[in-house]
>>> print(open('start13.txt').read())   # compact mmCIF, C-alpha atoms and all ligand atoms
# COMPACT_ATOMS: atom_id res chain seq x y z
CA MET A 15 17.30 -40.36 -3.58
CA SER A 16 17.35 -36.62 -4.41
CA THR A 17 18.86 -34.08 -2.04
CA ILE A 18 15.46 -32.61 -1.22
CA GLN A 19 14.03 -36.06 -0.51
CA GLN A 20 17.01 -36.81 1.72
CA ASN A 21 16.72 -33.43 3.49
CA LEU A 22 13.01 -33.95 4.11
CA GLN A 23 13.68 -37.34 5.61
CA ASP A 24 16.42 -35.87 7.84
CA VAL A 25 14.24 -32.96 8.98
CA ARG A 26 11.31 -35.27 9.74
CA GLY A 27 13.74 -37.44 11.72
CA ARG A 28 14.93 -34.43 13.71
CA ILE A 29 11.34 -33.35 14.42
CA ASP A 30 10.42 -36.85 15.61
CA ALA A 31 13.51 -37.09 17.82
CA ALA A 32 12.90 -33.64 19.32
CA ALA A 33 9.30 -34.61 20.11
CA VAL A 34 10.23 -37.96 21.66
CA ASN A 35 12.93 -36.24 23.72
CA CYS A 36 10.34 -34.15 25.49
CA ALA A 37 7.77 -36.94 25.75
CA ARG A 38 5.54 -35.65 22.95
CA ALA A 39 4.06 -37.78 20.17
CA PRO A 40 5.81 -37.04 16.85
CA GLU A 41 2.40 -36.79 15.11
CA GLU A 42 1.66 -33.68 17.20
CA VAL A 43 4.24 -31.73 15.19
CA SER A 44 3.49 -31.01 11.52
CA LEU A 45 6.06 -29.89 8.98
CA LEU A 46 5.46 -26.87 6.77
CA ALA A 47 8.00 -26.81 3.92
CA VAL A 48 8.88 -23.15 3.28
CA SER A 49 9.49 -22.88 -0.45
CA LYS A 50 9.82 -19.10 -0.93
CA THR A 51 12.26 -18.14 -3.71
CA LYS A 52 12.56 -21.83 -4.73
CA PRO A 53 11.51 -23.04 -8.19
CA VAL A 54 8.50 -25.27 -8.85
CA ALA A 55 10.94 -28.10 -9.67
CA ALA A 56 12.13 -28.09 -6.05
CA ILE A 57 8.53 -28.17 -4.79
CA ALA A 58 7.77 -31.03 -7.20
CA GLU A 59 10.62 -33.02 -5.65
CA ALA A 60 9.24 -32.42 -2.18
CA ILE A 61 5.78 -33.50 -3.35
CA ALA A 62 7.27 -36.68 -4.82
CA ALA A 63 8.77 -37.32 -1.38
CA GLY A 64 5.33 -37.07 0.22
CA GLN A 65 5.33 -33.46 1.46
CA ARG A 66 1.92 -31.78 1.15
CA ALA A 67 2.02 -28.48 3.12
CA PHE A 68 4.00 -25.54 1.69
CA GLY A 69 4.64 -22.03 2.98
CA GLU A 70 5.14 -18.96 0.78
CA ASN A 71 6.05 -15.37 1.77
CA TYR A 72 5.42 -13.37 -1.37
CA VAL A 73 1.82 -13.22 -2.59
CA GLN A 74 2.34 -13.23 -6.35
CA GLU A 75 5.09 -15.86 -6.27
CA GLY A 76 2.88 -18.04 -4.09
CA VAL A 77 -0.16 -17.65 -6.35
CA ASP A 78 1.91 -18.54 -9.43
CA LYS A 79 3.05 -21.77 -7.73
CA ILE A 80 -0.45 -22.62 -6.51
CA ARG A 81 -1.80 -22.19 -10.06
CA HIS A 82 1.05 -24.29 -11.47
CA PHE A 83 0.35 -27.26 -9.23
CA ALA A 84 -3.45 -26.92 -9.43
CA ALA A 85 -3.14 -27.71 -13.13
CA LEU A 86 -1.25 -30.95 -12.48
CA PRO A 87 -2.68 -34.30 -11.41
CA ASP A 88 -0.33 -34.37 -8.40
CA GLY A 89 -1.56 -30.93 -7.30
CA ALA A 90 -4.42 -32.55 -5.43
CA GLY A 91 -4.17 -32.57 -1.68
CA LEU A 92 -1.62 -29.77 -1.42
CA GLU A 93 -2.06 -27.23 1.34
CA TRP A 94 -0.74 -23.67 0.86
CA HIS A 95 0.13 -21.39 3.78
CA PHE A 96 0.78 -17.68 3.40
CA ILE A 97 3.48 -16.78 5.96
CA GLY A 98 4.78 -13.39 4.77
CA PRO A 99 3.83 -9.86 5.79
CA LEU A 100 0.43 -9.05 4.28
CA GLN A 101 -0.52 -5.69 2.82
CA SER A 102 -4.17 -4.75 2.43
CA ASN A 103 -3.94 -4.46 -1.34
CA LYS A 104 -2.79 -8.11 -1.58
CA SER A 105 -5.37 -9.61 0.74
CA ARG A 106 -7.74 -10.64 -2.05
CA LEU A 107 -5.15 -12.89 -3.70
CA VAL A 108 -4.45 -14.57 -0.36
CA ALA A 109 -8.18 -15.02 0.34
CA GLU A 110 -8.76 -16.50 -3.13
CA HIS A 111 -5.83 -18.88 -3.35
CA PHE A 112 -4.35 -19.91 -0.01
CA ASP A 113 -5.66 -22.37 2.59
CA TRP A 114 -4.00 -20.66 5.56
CA CYS A 115 -2.70 -17.22 6.53
CA HIS A 116 -0.25 -17.10 9.48
CA THR A 117 0.29 -13.36 9.63
CA VAL A 118 -2.98 -11.73 10.69
CA ASP A 119 -2.01 -8.87 12.99
CA ARG A 120 -4.83 -6.37 12.67
CA LEU A 121 -8.59 -6.47 12.43
CA ARG A 122 -8.73 -4.56 9.15
CA ILE A 123 -6.76 -7.27 7.34
CA ALA A 124 -8.81 -10.03 8.95
CA GLN A 125 -12.02 -8.33 7.86
CA ARG A 126 -10.80 -8.02 4.29
CA LEU A 127 -9.73 -11.67 4.18
CA SER A 128 -13.15 -12.74 5.46
CA ASP A 129 -15.04 -10.48 3.02
CA GLN A 130 -12.89 -11.63 0.09
CA ARG A 131 -12.90 -15.37 0.79
CA PRO A 132 -14.82 -16.98 -2.11
CA ALA A 133 -18.12 -18.64 -1.13
CA GLU A 134 -17.19 -21.94 -2.80
CA LEU A 135 -14.07 -22.36 -0.65
CA PRO A 136 -14.02 -23.46 3.00
CA PRO A 137 -13.26 -20.69 5.51
CA LEU A 138 -9.64 -19.48 5.45
CA ASN A 139 -7.61 -20.84 8.36
CA VAL A 140 -5.86 -18.00 10.15
CA LEU A 141 -3.24 -17.55 12.83
CA ILE A 142 -2.64 -14.33 14.74
CA GLN A 143 0.99 -13.25 14.56
CA ILE A 144 2.56 -12.26 17.87
CA ASN A 145 5.61 -10.00 18.04
CA ILE A 146 7.12 -12.03 20.86
CA SER A 147 10.69 -10.76 21.05
CA ASP A 148 11.71 -8.79 18.00
CA GLU A 149 11.15 -5.15 18.83
CA GLN A 150 12.61 -4.12 15.46
CA SER A 151 9.87 -5.94 13.60
CA LYS A 152 6.69 -4.11 12.68
CA SER A 153 4.79 -7.37 12.20
CA GLY A 154 2.72 -8.97 14.91
CA ILE A 155 0.77 -7.76 17.91
CA GLU A 156 1.82 -7.58 21.54
CA LEU A 157 0.68 -10.53 23.64
CA ALA A 158 -1.55 -8.23 25.68
CA GLN A 159 -3.61 -7.44 22.56
CA LEU A 160 -4.33 -11.09 21.79
CA PRO A 161 -7.65 -11.56 23.64
CA LEU A 162 -9.34 -8.64 21.88
CA LEU A 163 -8.08 -9.40 18.39
CA ALA A 164 -8.84 -13.12 18.82
CA GLN A 165 -12.41 -12.31 19.79
CA ALA A 166 -12.90 -10.12 16.73
CA VAL A 167 -11.24 -12.59 14.33
CA ALA A 168 -13.18 -15.55 15.71
CA ALA A 169 -16.42 -13.71 14.98
CA LEU A 170 -15.67 -13.27 11.25
CA PRO A 171 -17.80 -15.66 9.19
CA ARG A 172 -15.31 -16.70 6.49
CA LEU A 173 -12.26 -17.21 8.75
CA THR A 174 -11.45 -20.00 11.18
CA LEU A 175 -9.14 -18.91 13.99
CA ARG A 176 -6.72 -21.83 14.38
CA GLY A 177 -4.05 -20.36 16.67
CA VAL A 178 -0.98 -18.16 16.87
CA MET A 179 2.33 -17.75 15.09
CA ALA A 180 5.65 -16.08 15.97
CA ILE A 181 9.04 -15.33 14.44
CA PRO A 182 11.29 -14.62 17.44
CA ALA A 183 14.41 -12.50 17.03
CA PRO A 184 17.36 -14.74 16.04
CA GLU A 185 18.94 -16.25 19.15
CA SER A 186 21.54 -19.01 19.27
CA ASP A 187 21.31 -19.82 22.99
CA PHE A 188 18.94 -22.77 23.51
CA PRO A 189 17.63 -21.80 26.99
CA ARG A 190 16.83 -18.31 25.72
CA GLN A 191 15.09 -19.72 22.62
CA LEU A 192 13.07 -21.96 24.92
CA ALA A 193 12.07 -19.12 27.26
CA VAL A 194 10.59 -17.10 24.38
CA PHE A 195 8.76 -20.09 22.89
CA ARG A 196 7.31 -20.93 26.31
CA GLN A 197 5.66 -17.50 26.44
CA MET A 198 4.00 -18.34 23.13
CA ALA A 199 2.92 -21.76 24.41
CA ALA A 200 1.28 -20.19 27.47
CA ALA A 201 -0.66 -17.74 25.28
CA PHE A 202 -1.69 -20.60 22.97
CA GLN A 203 -3.01 -22.71 25.85
CA GLN A 204 -4.97 -19.76 27.18
CA LEU A 205 -6.48 -19.19 23.73
CA GLN A 206 -7.47 -22.86 23.45
CA GLN A 207 -9.56 -22.53 26.61
CA ASP A 208 -11.69 -19.84 24.98
CA TYR A 209 -11.80 -21.22 21.43
CA PRO A 210 -12.11 -25.01 21.05
CA GLN A 211 -11.14 -24.92 17.35
CA VAL A 212 -7.69 -23.48 18.19
CA ASP A 213 -5.16 -26.26 17.59
CA THR A 214 -2.11 -24.68 15.90
CA LEU A 215 0.99 -23.13 17.43
CA SER A 216 3.19 -22.14 14.48
CA MET A 217 6.76 -21.62 15.62
CA GLY A 218 10.23 -23.00 14.92
CA MET A 219 12.44 -22.57 11.85
CA THR A 220 15.63 -24.29 10.71
CA ASP A 221 17.79 -22.83 13.50
CA ASP A 222 15.39 -23.03 16.44
CA MET A 223 13.01 -25.91 15.73
CA VAL A 224 14.22 -28.13 18.58
CA ALA A 225 13.49 -25.47 21.21
CA ALA A 226 10.14 -24.68 19.57
CA ILE A 227 9.11 -28.34 19.70
CA ALA A 228 10.26 -28.63 23.32
CA ALA A 229 8.02 -25.67 24.18
CA GLY A 230 4.98 -27.14 22.40
CA SER A 231 5.02 -26.11 18.73
CA THR A 232 2.51 -27.99 16.59
CA LEU A 233 3.76 -26.67 13.24
CA VAL A 234 7.39 -25.96 12.38
CA ARG A 235 8.15 -23.85 9.29
CA ILE A 236 11.32 -25.16 7.68
CA GLY A 237 12.97 -23.75 4.56
CA THR A 238 16.76 -23.88 4.53
CA ALA A 239 17.13 -27.39 5.97
CA ILE A 240 14.90 -28.76 3.20
CA PHE A 241 15.63 -26.65 0.12
CA GLY A 242 19.10 -25.24 0.93
CA ALA A 243 20.13 -21.62 1.36
CA ARG A 244 18.05 -19.01 -0.43
CA ASP A 245 19.53 -16.79 -3.13
CA TYR A 246 18.02 -13.30 -3.09
CA SER A 247 20.47 -11.86 -5.62
CA GLN A 248 18.01 -12.34 -8.53
CA ALA A 249 15.16 -10.59 -6.74
C1 LIG B 301 11.70 -17.96 5.52
C2 LIG B 301 10.78 -18.29 6.66
C3 LIG B 301 10.85 -19.53 7.32
C4 LIG B 301 11.90 -20.59 7.02
O1 LIG B 301 13.13 -20.22 7.58
P1 LIG B 301 14.40 -21.21 7.52
O2 LIG B 301 15.33 -20.59 8.51
O3 LIG B 301 14.91 -21.18 6.13
O4 LIG B 301 13.94 -22.56 7.94
C5 LIG B 301 9.92 -19.78 8.31
N1 LIG B 301 8.98 -18.89 8.65
C6 LIG B 301 8.88 -17.68 8.05
C7 LIG B 301 7.81 -16.74 8.45
C8 LIG B 301 9.79 -17.35 7.05
O5 LIG B 301 9.69 -16.14 6.47
>>> encode(input="start13.txt", output="structure tokens")
Amino acid sequence: MSTIQQNLQDVRGRIDAAAVNCARAPEEVSLLAVSKTKPVAAIAEAIAAGQRAFGENYVQEGVDKIRHFAALPDGAGLEWHFIGPLQSNKSRLVAEHFDWCHTVDRLRIAQRLSDQRPAELPPLNVLIQINISDEQSKSGIELAQLPLLAQAVAALPRLTLRGVMAIPAPESDFPRQLAVFRQMAAAFQQLQQDYPQVDTLSMGMTDDMVAAIAAGSTLVRIGTAIFGARDYSQA
């Protein structure tokens, strides 16, 4: 078995155990394999191991990979999630190539994505990014802004509002990780009451996935634990 296959199996095992530990069904938690900076060969290994959903942070790198796998017979059934910061001038590429965008944090970007989504594709699935704890970060809205932005996004014809996403500030203390994720879970549950199609709470990475699952995450975004450490020295 390859390292990536083994890692995927281990990560899935940890997700299942974390879910069972807090009396959740393991099927409630999906795994997004975050493949940013990793070569197509690594993604191909993950596909061979049964992984179908991949997350990319850089628009052009993501589009190149999507095109690569679209040309292959095993490209069918893959699901591509854009999870990086999105600039207006890159929105068209996201609208034309990805299945999901996790980082909608202003109406202007949402409007562009909706306008630019090709008619022959299903609506783009979007999550609203919440800046839940990282005051340094410029990405994401404050929780208090969620109802208004959600209302506007939900009204756009070529988007489907599926939920919320967060990248909390790094924190090694489990109870503190949990406290932040629980704020997200409360906002998610509130949103679900207003929008029946909302079903996705995207939170949890390699170092905090157990707390995220305990708080109610439905989609963990895992890079390092699957593909190994990233090397940015070539970038
Ligand atoms: C890179 C990244 C991840 C994966 O992080 P790991 O710690 O490698 O698991 C998840 N989500 C986002 C938004 C990222 O940018």
>>> residues_around(input="start13.txt", residues="region 128-140 of chain A", least_positions_apart="3", cutoff="8 Å", atoms="all atoms listed in the file", output="list in words")
Ser105, Arg106, Ala109, Glu110, Phe112, Asp113, Trp114, Cys115, His116, Thr117, Val118, Ala124, Gln125, Leu170, Pro171, Arg172, Leu173, Thr174, Leu175, Arg176 and Gly177 of chain A
>>> residues_near_ligand(input="start13.txt", ligand="ligand LIG 301 (chain B)", cutoff="10 Å", atoms="only C-alpha atoms and all ligand atoms", output="PyMOL selection string")
chain A and resi 46-51+69-72+96-99+116-117+143+179-182+184+216-223+234-244
>>> atom_distance(input="start13.txt", atom1="CA of Gly154 (chain A)", atom2="CA of Asp119 (chain A)")
5.1 Å
>>> residues_around(input="start13.txt", residues="Asp30 (chain A)", least_positions_apart="2", cutoff="10 Å", atoms="all atoms listed in the file", output="count of residues only")
18
>>> closest_residue(input="start13.txt", among="A:Ile29, A:Ile57, A:Ile155, A:Ala168", to="Gln211 (chain A)", atoms="only C-alpha atoms")
A:Ala168
>>> atom_distance(input="start13.txt", atom1="CA of Leu215 (chain A)", atom2="CA of Ile80 (chain A)")
24.0 Å
>>> residues_near_point(input="start13.txt", point="(6.8, -15.0, 22.3)", cutoff="8 Å", atoms="all atoms listed in the file", output="list in words")
Ile144, Asn145, Ile146, Ser147, Leu157, Ala180, Pro182, Val194, Phe195, Arg196, Gln197 and Met198 of chain A
>>> closest_residue(input="start13.txt", among="A:Asn103, A:Gln159, A:Ser16, A:Gly91", to="Ala56 (chain A)", atoms="all atoms listed in the file")
A:Ser16
>>> atom_distance(input="start13.txt", atom1="CA of Ser153 (chain A)", atom2="CA of Leu141 (chain A)")
13.0 Å
>>> closest_residue(input="start13.txt", among="A:Leu127, A:His82, A:Ala31, A:Pro210", to="Pro53 (chain A)", atoms="all atoms listed in the file")
A:His82
>>> closest_residue(input="start13.txt", among="A:Ile18, A:Leu163, A:Ala37, A:Leu100", to="Ala55 (chain A)", atoms="all atoms listed in the file")
A:Ile18
>>> closest_residue(input="start13.txt", among="A:Ala62, A:Tyr246, A:His111, A:Cys36", to="Ala226 (chain A)", atoms="all atoms listed in the file")
A:Cys36
